[in-house]
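Written below as structure tokens is the structure these notes are about.
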Amino acid sequence: FACPPVAHRERHRSQLLHRERLKRVGSIVDTRPPTPQPHLQLYGRDYVARKKATVEAAYSDLKMIQTIAKTMTRTPPAREHKGPSTLNGHARVAEVQRIVKENHRLLDSLESMGPQMSTRRMLEQDRQRQRYVMNVSHTKRLAGEYDEELGRMVEEERSAAEMQRRACRERLARLAR
């Protein structure tokens with residue numbers, strides 16, 4: 001164009017049209033958050049249900065132990081022996097005691113076990129993946145769709161760098177004394 005104001009107006013109009021076309025473009029990359037995986041958490045975030053289940057399990061364990069103890073300590077009924085008594089009675093009792101001990105060892109290991117998947121870690125990985133998606137998506141960045149997220153990320157990086165600088169300065173000041 002020979003006239004600069006006309007060229008500026010035409011360029012501005014074409015950029016607006018281009019932005020409108022970009023807003024209608026959909027992303028090819030899957031940017032959804034990870035699907036919830038409730039099978040990894042027995043009761044989810046329901047603390048009361050989890051606590052109630054733990055208490056019920058402990059109560060049923062105590063009842064089972066009491067029943068076993070009552071069974072093992074009761075006096076056998078006095079009756080006439082019509083024949084020879086069993087020779088492996090002590091072996092049976094020892095086997096029951098071994099099973100109870102193994103059950104308690106298994107219960108202790110299950111109660112002390114922690115979760116295998118960390119929700120916080122999964123969310124952090126998703127945030128990192130979102131950063132990569134925003135970095136790769138040239139057209140959406142130019143269209144301004146990631147402005148808020150990019151501003152937040154820049155602010156987080158700036159505050160992290162400032163905290164690191166402050167810690168270094170404090171360390172240097174301590175060493176200088």
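We label chains A, B, ... in the order they appear in the structure tokens, count residues from 1 in each chain, and number ligands from 1 in the order shown.
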Worksheet entry | All alpha helix (DSSP H) positions in chain A, as a ChimeraX atom specification | /A:4-23,47-73,89-112,119-136,138-143,147-176
Worksheet item: Using only C-alpha atoms, which residues sit within 12 Å of Thr139 of chain A once same-chain residues fewer than 6 positions away are excluded, as a list of chain:residue names?
Response: A:His18, A:Arg19, A:Glu20, A:Arg21, A:Leu22, A:Lys23, A:Arg24, A:Val25, A:Gly26, A:Ser27, A:Ile28, A:Val133, A:Glu145, A:Tyr146
Worksheet item: By how many Å are atom CA of Tyr59 of chain A and atom CA of Leu110 of chain A apart?
Response: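 Here the two named atoms are 16.3 Å from each other.
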